[in-house]
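Inspection log for the structure reproduced underneath, given as structure tokens.
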Amino acid sequence: MVEFDSKDFMSDFQALIECESFSQDPDSLARSARLVSRIGTGLLGAAPHIIEIDSHPHVLWRFGTGPRKVVLIGHHDTVWPTGTLADFPYSVVDGVVRGPGADDMKGGLLIALYAMARLREERGNLDGVSILMTGDEELGSPGSRQIIEDEARGAKASLVFESGAPDGSVKIARKGVAIYSLEITGLAAHAGVEPEKGINATIEVANQVVRIAALHDPSVGTSVVPTVMHSGSTTNTVPARAVVGVDSRAASVAEQERIDAILSSLSPTVAGAKVDVRGGINRAPLEEKMAIGLYARAQRLSAHLGHPPLRSVAVGGGSDGNFTAGVGTPTIDGLGTVGGGSHARTEHALQVWIPRRVELTTALVGELLAED
């Protein structure tokens with residue numbers, strides 16, 4: 001088996017963290033895509049395609065011309081505004097790697113690249129493998145979703161390199177995400193002189209918020225949360241318009257569709273008011289049944305490699321793994337770095353887990369490719 005080169009990995013890790021890649025900064029994303037391409041080309045012996053959609057570059061390697069067998073998914077954009085490095089620099093102290101994107105997910109994308117470089121040396125080729133590193137995941141993957149789904153559809157497996165849980169657990173379930181905006185139309189009138197001539201959008205939106213909040217049911221893994229709300233214009237005017245955002249998450253497709261049907265059919269409670277529901281399901285759930293087979297493989301291979309026992313976890317947040325599972329592809333997530341603090345100044349990755357993840361990914365993809 002080809003040895004893991006920790007020195008080279010850490011050098012590339014530092015370069016990626018120090019190449020800032022804020023999701024809303026096209027120039028930084030372009031620099032990051034070029035760096036990912038350069039590192040990957042050196043490791044894999046092939047240059048990727050860079051697909052730019054709405055100023056967000058997505059880096060794609062496709063090996064072989066036949067159907068996709070295994071798709072590796074990651075992203076190179078981060079939530080950190082350009083300039084964050086000035087007071088949150090790259091550092092490694094006592095095996096803890098810190099810096100913007102250390103855990104979410106510049107280390108994860110490197111794990112995928114290094115593992116496939118290792119597998120290529122062992123097998124001689126990577127035919128049937130796709131590696132996709134997107135540039136808009138932190139925005140909800142609006143431009144890359146179609147690419148993700150197209151690459152994953154019909155594949156034997158999708159491996160996602162978001163960070164693992166702090167104890168090294170991989171992620172075998174993620175809630176589906178749905179985002180809505182309820183827009184209420186009323187009628188303005190003078191609040192002091194003739195309020196009866198108005199249609200009060202604030203009262204309507206308040207009634208709707210109570211209805212929406214009642215759908216929240218943690219016992220079945222469903223959250224329905226009214227969030228940002230705006231209503232009215234001045235204190236002496238009956239409000240003619242109100243808007244409330246809703247974040248909904250569900251553990252199963254059936255539950256997600258049930259909530260979607262209810263929210264989409266909300267009717268007004270105030271005479272004359274109009275309720276317009278916009279938005280809908282953004283990501284289907286990654287249900288455990290879509291991951292359990294890959295998880296069993298990963299557990300077995302991890303034990304064979306002498307790693308600590310591999311555990312699993314279900315989480316509420318979505319990832320691009322929701323998309324791959326949504327098109328029917330078996331999917332396992334959380335194969336990236338092990339650490340914590342994503343999106344916070346405590347973001348970090350534990351160096352000791354990096355070679356384990358590279359070894360596990362190499363073995364998992366190798367076994368999948370070996371099967372017809």
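Chains: A, B, ... in order of the structure tokens. Residues: from 1 per chain. Ligands: from 1, in order shown.
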
Test item, helix (DSSP H, G or I) assignment across segment 261-372 of chain A, answer as number ranges by chain: A: 261-264, 288-290, 292-304, 320-326, 351-370

Keeping only C-alpha atoms, write the selected residues to a file as a short mmCIF file (atom, residue, chain, number, x, y, z; two decimals), in the first residue's frame.
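selection-v1.cif written:
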data_model
loop_
_atom_site.label_atom_id
_atom_site.label_comp_id
_atom_site.auth_asym_id
_atom_site.auth_seq_id
_atom_site.Cartn_x
_atom_site.Cartn_y
_atom_site.Cartn_z
CA ALA A 261 -48.54 20.28 1.50
CA ILE A 262 -49.81 22.01 4.65
CA LEU A 263 -47.66 25.12 4.23
CA SER A 264 -48.48 25.39 0.53
CA GLU A 288 -30.54 6.18 6.88
CA LYS A 289 -31.64 3.48 4.44
CA MET A 290 -29.58 5.24 1.73
CA ILE A 292 -26.59 1.88 5.86
CA GLY A 293 -24.98 -0.42 3.29
CA LEU A 294 -22.00 1.89 2.74
CA TYR A 295 -21.72 2.41 6.47
CA ALA A 296 -21.48 -1.34 7.07
CA ARG A 297 -18.68 -1.53 4.48
CA ALA A 298 -16.88 1.40 6.06
CA GLN A 299 -17.15 -0.16 9.52
CA ARG A 300 -15.68 -3.42 8.30
CA LEU A 301 -12.85 -1.75 6.40
CA SER A 302 -12.08 0.58 9.29
CA ALA A 303 -11.73 -2.37 11.66
CA HIS A 304 -9.51 -4.18 9.14
CA ASP A 320 -24.82 17.96 -0.98
CA GLY A 321 -25.29 14.37 0.17
CA ASN A 322 -28.99 15.13 0.38
CA PHE A 323 -28.97 15.72 -3.37
CA THR A 324 -27.15 12.50 -4.21
CA ALA A 325 -29.43 10.45 -1.98
CA GLY A 326 -32.38 12.28 -3.49
CA GLN A 351 -4.33 15.97 12.48
CA VAL A 352 -4.33 12.41 13.89
CA TRP A 353 -7.52 11.55 11.99
CA ILE A 354 -6.32 12.66 8.57
CA PRO A 355 -4.31 9.53 7.59
CA ARG A 356 -7.13 7.32 8.90
CA ARG A 357 -9.66 9.06 6.65
CA VAL A 358 -7.33 8.82 3.65
CA GLU A 359 -6.83 5.09 4.29
CA LEU A 360 -10.55 4.44 4.79
CA THR A 361 -11.55 6.33 1.64
CA THR A 362 -8.90 4.54 -0.41
CA ALA A 363 -10.10 1.16 0.79
CA LEU A 364 -13.80 1.97 0.39
CA VAL A 365 -13.53 3.27 -3.17
CA GLY A 366 -11.13 0.49 -4.11
CA GLU A 367 -13.58 -2.17 -2.95
CA LEU A 368 -16.49 -0.53 -4.75
CA LEU A 369 -14.55 -0.30 -8.01
CA ALA A 370 -13.44 -3.90 -7.77
#

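Counting only C-alpha atoms, segment 118-120 of chain A has the following residues at most 7 Å away, ignoring those fewer than 3 positions along the same chain: Val2, Tyr114, Ala115, Arg123, Gly124, Asn125, Leu126, Thr362 and Gly366 of chain A.
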
Output all heavy atoms of each residue in that selection to a file, as a PDB file, in the first residue's frame.
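New file part-v8.pdb:
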ATOM      1  N   VAL A   2       0.513   2.232  -0.814  1.00  0.00           N
ATOM      2  CA  VAL A   2       1.274   3.474  -0.917  1.00  0.00           C
ATOM      3  C   VAL A   2       1.189   4.229   0.400  1.00  0.00           C
ATOM      4  O   VAL A   2       0.122   4.368   0.992  1.00  0.00           O
ATOM      5  CB  VAL A   2       0.725   4.343  -2.071  1.00  0.00           C
ATOM      6  CG1 VAL A   2       1.517   5.635  -2.169  1.00  0.00           C
ATOM      7  CG2 VAL A   2       0.787   3.569  -3.378  1.00  0.00           C
ATOM      8  N   TYR A 114      -6.181  13.089  -1.941  1.00  0.00           N
ATOM      9  CA  TYR A 114      -5.046  12.240  -1.572  1.00  0.00           C
ATOM     10  C   TYR A 114      -5.420  10.763  -1.609  1.00  0.00           C
ATOM     11  O   TYR A 114      -4.609   9.913  -2.003  1.00  0.00           O
ATOM     12  CB  TYR A 114      -4.508  12.638  -0.196  1.00  0.00           C
ATOM     13  CG  TYR A 114      -3.395  13.664  -0.275  1.00  0.00           C
ATOM     14  CD1 TYR A 114      -3.678  14.995  -0.549  1.00  0.00           C
ATOM     15  CD2 TYR A 114      -2.068  13.303  -0.115  1.00  0.00           C
ATOM     16  CE1 TYR A 114      -2.671  15.946  -0.642  1.00  0.00           C
ATOM     17  CE2 TYR A 114      -1.041  14.237  -0.206  1.00  0.00           C
ATOM     18  CZ  TYR A 114      -1.346  15.559  -0.471  1.00  0.00           C
ATOM     19  OH  TYR A 114      -0.332  16.489  -0.568  1.00  0.00           O
ATOM     20  N   ALA A 115      -6.641  10.444  -1.194  1.00  0.00           N
ATOM     21  CA  ALA A 115      -7.071   9.048  -1.242  1.00  0.00           C
ATOM     22  C   ALA A 115      -7.131   8.545  -2.674  1.00  0.00           C
ATOM     23  O   ALA A 115      -6.712   7.409  -2.973  1.00  0.00           O
ATOM     24  CB  ALA A 115      -8.429   8.901  -0.571  1.00  0.00           C
ATOM     25  N   ARG A 123      -4.056   0.926  -8.279  1.00  0.00           N
ATOM     26  CA  ARG A 123      -4.853   0.275  -9.316  1.00  0.00           C
ATOM     27  C   ARG A 123      -4.351   0.544 -10.729  1.00  0.00           C
ATOM     28  O   ARG A 123      -4.634  -0.217 -11.648  1.00  0.00           O
ATOM     29  CB  ARG A 123      -6.307   0.757  -9.245  1.00  0.00           C
ATOM     30  CG  ARG A 123      -7.117   0.217  -8.095  1.00  0.00           C
ATOM     31  CD  ARG A 123      -8.515   0.854  -8.112  1.00  0.00           C
ATOM     32  NE  ARG A 123      -9.172   0.736  -9.412  1.00  0.00           N
ATOM     33  CZ  ARG A 123      -9.919  -0.288  -9.803  1.00  0.00           C
ATOM     34  NH1 ARG A 123     -10.103  -1.306  -8.975  1.00  0.00           N
ATOM     35  NH2 ARG A 123     -10.474  -0.301 -10.994  1.00  0.00           N
ATOM     36  N   GLY A 124      -3.706   1.694 -10.897  1.00  0.00           N
ATOM     37  CA  GLY A 124      -3.261   2.090 -12.228  1.00  0.00           C
ATOM     38  C   GLY A 124      -4.227   3.019 -12.937  1.00  0.00           C
ATOM     39  O   GLY A 124      -3.858   3.676 -13.904  1.00  0.00           O
ATOM     40  N   ASN A 125      -5.481   3.072 -12.473  1.00  0.00           N
ATOM     41  CA  ASN A 125      -6.459   3.983 -13.064  1.00  0.00           C
ATOM     42  C   ASN A 125      -7.589   4.219 -12.069  1.00  0.00           C
ATOM     43  O   ASN A 125      -7.714   3.502 -11.068  1.00  0.00           O
ATOM     44  CB  ASN A 125      -7.005   3.436 -14.384  1.00  0.00           C
ATOM     45  CG  ASN A 125      -7.861   2.197 -14.185  1.00  0.00           C
ATOM     46  OD1 ASN A 125      -8.987   2.267 -13.696  1.00  0.00           O
ATOM     47  ND2 ASN A 125      -7.310   1.041 -14.567  1.00  0.00           N
ATOM     48  N   LEU A 126      -8.406   5.208 -12.385  1.00  0.00           N
ATOM     49  CA  LEU A 126      -9.577   5.535 -11.566  1.00  0.00           C
ATOM     50  C   LEU A 126     -10.844   5.501 -12.420  1.00  0.00           C
ATOM     51  O   LEU A 126     -11.797   6.244 -12.160  1.00  0.00           O
ATOM     52  CB  LEU A 126      -9.411   6.926 -10.932  1.00  0.00           C
ATOM     53  CG  LEU A 126      -8.323   7.078  -9.870  1.00  0.00           C
ATOM     54  CD1 LEU A 126      -8.155   8.549  -9.482  1.00  0.00           C
ATOM     55  CD2 LEU A 126      -8.634   6.233  -8.637  1.00  0.00           C
ATOM     56  N   THR A 362      -9.600   5.351   0.593  1.00  0.00           N
ATOM     57  CA  THR A 362      -8.901   4.542  -0.412  1.00  0.00           C
ATOM     58  C   THR A 362      -9.462   3.128  -0.453  1.00  0.00           C
ATOM     59  O   THR A 362      -9.770   2.584  -1.526  1.00  0.00           O
ATOM     60  CB  THR A 362      -7.396   4.495  -0.109  1.00  0.00           C
ATOM     61  OG1 THR A 362      -6.875   5.825  -0.012  1.00  0.00           O
ATOM     62  CG2 THR A 362      -6.640   3.727  -1.190  1.00  0.00           C
ATOM     63  N   GLY A 366     -11.780   1.624  -3.454  1.00  0.00           N
ATOM     64  CA  GLY A 366     -11.133   0.487  -4.115  1.00  0.00           C
ATOM     65  C   GLY A 366     -12.033  -0.742  -4.130  1.00  0.00           C
ATOM     66  O   GLY A 366     -12.137  -1.433  -5.158  1.00  0.00           O
TER      67      GLY A 366
END

Residues near segment 247-258 of chain A, cut-off 9 Å, only C-alpha atoms, skip fewer than 4 positions along chain, as a list of chain:residue names: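 Once the nearby chain positions are removed, what remains is A:Ala173, A:Arg174, A:Lys175, A:Gly176, A:Val177, A:Ala178, A:Ile179, A:Tyr180, A:His216, A:Val220, A:Gly221, A:Thr222, A:Ser223, A:Val224, A:Val225, A:Pro226, A:Thr227, A:Ile262, A:Leu263, A:Ile281, A:Ala284, A:Pro285, A:Leu286, A:Glu287, A:Gly316, A:Gly317.
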
Any chance you can output those residues with N, CA, C and O atoms as a JSON list (two decimals), in the first residue's frame?
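The resulting selection-v4.json:
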[["chain", "number", "residue", "atom", "x", "y", "z"],
["A", 173, "ALA", "N", -27.35, 10.02, 8.17],
["A", 173, "ALA", "CA", -28.68, 10.60, 7.96],
["A", 173, "ALA", "C", -28.59, 12.10, 8.16],
["A", 173, "ALA", "O", -27.90, 12.58, 9.06],
["A", 174, "ARG", "N", -29.28, 12.82, 7.29],
["A", 174, "ARG", "CA", -29.40, 14.27, 7.39],
["A", 174, "ARG", "C", -30.86, 14.64, 7.12],
["A", 174, "ARG", "O", -31.49, 14.05, 6.24],
["A", 175, "LYS", "N", -31.35, 15.60, 7.87],
["A", 175, "LYS", "CA", -32.72, 16.04, 7.62],
["A", 175, "LYS", "C", -32.82, 16.74, 6.27],
["A", 175, "LYS", "O", -31.86, 17.36, 5.80],
["A", 176, "GLY", "N", -33.99, 16.62, 5.68],
["A", 176, "GLY", "CA", -34.28, 17.40, 4.48],
["A", 176, "GLY", "C", -34.57, 18.84, 4.87],
["A", 176, "GLY", "O", -35.02, 19.12, 5.99],
["A", 177, "VAL", "N", -34.30, 19.74, 3.95],
["A", 177, "VAL", "CA", -34.44, 21.17, 4.21],
["A", 177, "VAL", "C", -35.48, 21.77, 3.27],
["A", 177, "VAL", "O", -35.48, 21.49, 2.07],
["A", 178, "ALA", "N", -36.35, 22.58, 3.82],
["A", 178, "ALA", "CA", -37.31, 23.34, 3.01],
["A", 178, "ALA", "C", -37.35, 24.77, 3.53],
["A", 178, "ALA", "O", -37.35, 24.99, 4.75],
["A", 179, "ILE", "N", -37.37, 25.71, 2.62],
["A", 179, "ILE", "CA", -37.37, 27.13, 2.98],
["A", 179, "ILE", "C", -38.57, 27.80, 2.32],
["A", 179, "ILE", "O", -38.79, 27.65, 1.11],
["A", 180, "TYR", "N", -39.33, 28.55, 3.12],
["A", 180, "TYR", "CA", -40.54, 29.20, 2.62],
["A", 180, "TYR", "C", -40.54, 30.68, 2.98],
["A", 180, "TYR", "O", -39.90, 31.12, 3.95],
["A", 216, "HIS", "N", -44.47, 22.18, 14.35],
["A", 216, "HIS", "CA", -43.19, 21.74, 14.90],
["A", 216, "HIS", "C", -43.41, 20.49, 15.75],
["A", 216, "HIS", "O", -44.23, 20.49, 16.66],
["A", 220, "VAL", "N", -41.00, 13.37, 15.99],
["A", 220, "VAL", "CA", -40.79, 12.65, 14.73],
["A", 220, "VAL", "C", -39.66, 13.27, 13.91],
["A", 220, "VAL", "O", -39.51, 13.00, 12.72],
["A", 221, "GLY", "N", -38.88, 14.13, 14.56],
["A", 221, "GLY", "CA", -37.73, 14.73, 13.89],
["A", 221, "GLY", "C", -38.08, 15.87, 12.96],
["A", 221, "GLY", "O", -37.30, 16.20, 12.05],
["A", 222, "THR", "N", -39.23, 16.51, 13.18],
["A", 222, "THR", "CA", -39.67, 17.59, 12.31],
["A", 222, "THR", "C", -39.54, 18.93, 13.02],
["A", 222, "THR", "O", -40.03, 19.10, 14.13],
["A", 223, "SER", "N", -38.88, 19.87, 12.37],
["A", 223, "SER", "CA", -38.83, 21.24, 12.88],
["A", 223, "SER", "C", -39.46, 22.17, 11.85],
["A", 223, "SER", "O", -39.20, 22.05, 10.66],
["A", 224, "VAL", "N", -40.34, 23.04, 12.32],
["A", 224, "VAL", "CA", -40.97, 24.05, 11.47],
["A", 224, "VAL", "C", -40.87, 25.36, 12.25],
["A", 224, "VAL", "O", -41.58, 25.56, 13.24],
["A", 225, "VAL", "N", -39.98, 26.24, 11.80],
["A", 225, "VAL", "CA", -39.62, 27.39, 12.62],
["A", 225, "VAL", "C", -39.85, 28.70, 11.85],
["A", 225, "VAL", "O", -39.16, 28.98, 10.86],
["A", 226, "PRO", "N", -40.82, 29.53, 12.29],
["A", 226, "PRO", "CA", -40.93, 30.87, 11.73],
["A", 226, "PRO", "C", -39.67, 31.67, 12.10],
["A", 226, "PRO", "O", -39.24, 31.61, 13.26],
["A", 227, "THR", "N", -39.12, 32.39, 11.15],
["A", 227, "THR", "CA", -37.84, 33.06, 11.42],
["A", 227, "THR", "C", -37.98, 34.58, 11.23],
["A", 227, "THR", "O", -38.64, 35.23, 12.01],
["A", 262, "ILE", "N", -49.08, 21.14, 3.71],
["A", 262, "ILE", "CA", -49.81, 22.01, 4.65],
["A", 262, "ILE", "C", -49.41, 23.47, 4.45],
["A", 262, "ILE", "O", -50.27, 24.36, 4.34],
["A", 263, "LEU", "N", -48.11, 23.73, 4.38],
["A", 263, "LEU", "CA", -47.66, 25.12, 4.23],
["A", 263, "LEU", "C", -48.11, 25.70, 2.89],
["A", 263, "LEU", "O", -48.46, 26.88, 2.81],
["A", 281, "ILE", "N", -39.34, 22.78, -0.98],
["A", 281, "ILE", "CA", -38.31, 21.83, -0.59],
["A", 281, "ILE", "C", -37.01, 22.14, -1.32],
["A", 281, "ILE", "O", -36.98, 22.23, -2.55],
["A", 284, "ALA", "N", -34.06, 17.07, -0.25],
["A", 284, "ALA", "CA", -34.72, 15.90, 0.35],
["A", 284, "ALA", "C", -33.84, 15.36, 1.46],
["A", 284, "ALA", "O", -32.63, 15.62, 1.49],
["A", 285, "PRO", "N", -34.40, 14.61, 2.39],
["A", 285, "PRO", "CA", -33.57, 14.04, 3.45],
["A", 285, "PRO", "C", -32.57, 13.01, 2.90],
["A", 285, "PRO", "O", -32.84, 12.36, 1.89],
["A", 286, "LEU", "N", -31.44, 12.90, 3.56],
["A", 286, "LEU", "CA", -30.58, 11.74, 3.40],
["A", 286, "LEU", "C", -31.06, 10.75, 4.46],
["A", 286, "LEU", "O", -30.76, 10.88, 5.64],
["A", 287, "GLU", "N", -31.87, 9.80, 4.02],
["A", 287, "GLU", "CA", -32.43, 8.84, 4.96],
["A", 287, "GLU", "C", -31.42, 7.72, 5.23],
["A", 287, "GLU", "O", -30.64, 7.35, 4.36],
["A", 316, "GLY", "N", -29.03, 17.30, 11.80],
["A", 316, "GLY", "CA", -30.12, 18.10, 11.26],
["A", 316, "GLY", "C", -29.76, 18.90, 10.03],
["A", 316, "GLY", "O", -30.60, 19.19, 9.19],
["A", 317, "GLY", "N", -28.50, 19.30, 9.91],
["A", 317, "GLY", "CA", -28.09, 20.14, 8.79],
["A", 317, "GLY", "C", -28.02, 19.38, 7.48],
["A", 317, "GLY", "O", -27.77, 18.17, 7.46]]

Residues of segment 20-233 of chain A in strand (DSSP E), written as an MDAnalysis selection string: chainID A and resid 49:53 56:62 70:75 91:93 96:98 129:134 157:160 170:174 176:185 223:231

Long-range neighbours of Ala33 of chain A as a ChimeraX atom specification, 8 Å cut-off, only C-alpha atoms, 2 positions minimum in chain: /A:29-31,35-37,50,57-59,76,135

Residue neighbourhood segment 15-17 of chain A, 7 Å, only C-alpha atoms, exclusion window fewer than 6 positions, as a PyMOL selection string: chain A and resi 90+99-102+106

Please save N, CA, C and O atoms of the selected residues as a PDB file, in the first residue's frame.
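Ended up saving to selection-v7.pdb:
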ATOM      1  N   TYR A  90      -3.961  30.478   9.724  1.00  0.00           N
ATOM      2  CA  TYR A  90      -3.628  29.055   9.770  1.00  0.00           C
ATOM      3  C   TYR A  90      -2.633  28.805  10.892  1.00  0.00           C
ATOM      4  O   TYR A  90      -1.671  29.562  11.084  1.00  0.00           O
ATOM      5  N   GLY A  99      -7.959  27.530  11.366  1.00  0.00           N
ATOM      6  CA  GLY A  99      -8.003  28.489  10.271  1.00  0.00           C
ATOM      7  C   GLY A  99      -9.332  28.401   9.556  1.00  0.00           C
ATOM      8  O   GLY A  99     -10.064  27.404   9.700  1.00  0.00           O
ATOM      9  N   PRO A 100      -9.687  29.421   8.794  1.00  0.00           N
ATOM     10  CA  PRO A 100     -10.981  29.427   8.096  1.00  0.00           C
ATOM     11  C   PRO A 100     -11.077  28.312   7.059  1.00  0.00           C
ATOM     12  O   PRO A 100     -10.274  28.244   6.131  1.00  0.00           O
ATOM     13  N   GLY A 101     -12.047  27.430   7.254  1.00  0.00           N
ATOM     14  CA  GLY A 101     -12.222  26.316   6.335  1.00  0.00           C
ATOM     15  C   GLY A 101     -11.469  25.062   6.719  1.00  0.00           C
ATOM     16  O   GLY A 101     -11.530  24.061   5.995  1.00  0.00           O
ATOM     17  N   ALA A 102     -10.787  25.059   7.866  1.00  0.00           N
ATOM     18  CA  ALA A 102      -9.993  23.892   8.257  1.00  0.00           C
ATOM     19  C   ALA A 102     -10.853  22.633   8.330  1.00  0.00           C
ATOM     20  O   ALA A 102     -10.456  21.566   7.853  1.00  0.00           O
ATOM     21  N   LYS A 106     -11.840  22.321   3.747  1.00  0.00           N
ATOM     22  CA  LYS A 106     -10.638  22.236   2.919  1.00  0.00           C
ATOM     23  C   LYS A 106      -9.822  20.991   3.234  1.00  0.00           C
ATOM     24  O   LYS A 106      -9.199  20.401   2.341  1.00  0.00           O
TER      25      LYS A 106
END

Given only C-alpha atoms as the counted atoms, nearest of A:Ser219, A:Cys19, A:Glu196, A:Ala46 to Arg34 of chain A: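 Residue with the minimum atom-to-atom distance to Arg34 of chain A: A:Cys19.
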
Among listed residues A:His343, A:Asp167, A:Gly198, A:Ile53, nearest Glu138 of chain A (using only C-alpha atoms):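 Between A:His343, A:Asp167, A:Gly198, A:Ile53, the residue approaching Glu138 of chain A most closely is A:His343.
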
Contacts of Asn207 of chain A at 12 Å (only C-alpha atoms; same-chain gap of 2+ positions) as a PyMOL selection string: chain A and resi 182+184+200-205+209-214+226+242+244+266-270+273+275

Nearest-residue call for Met229 of chain A, choices A:Leu159, A:Ser181, A:Ala191, A:Leu113, using only C-alpha atoms: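 Answer, going by the shortest atom-to-atom distance: A:Ser181.
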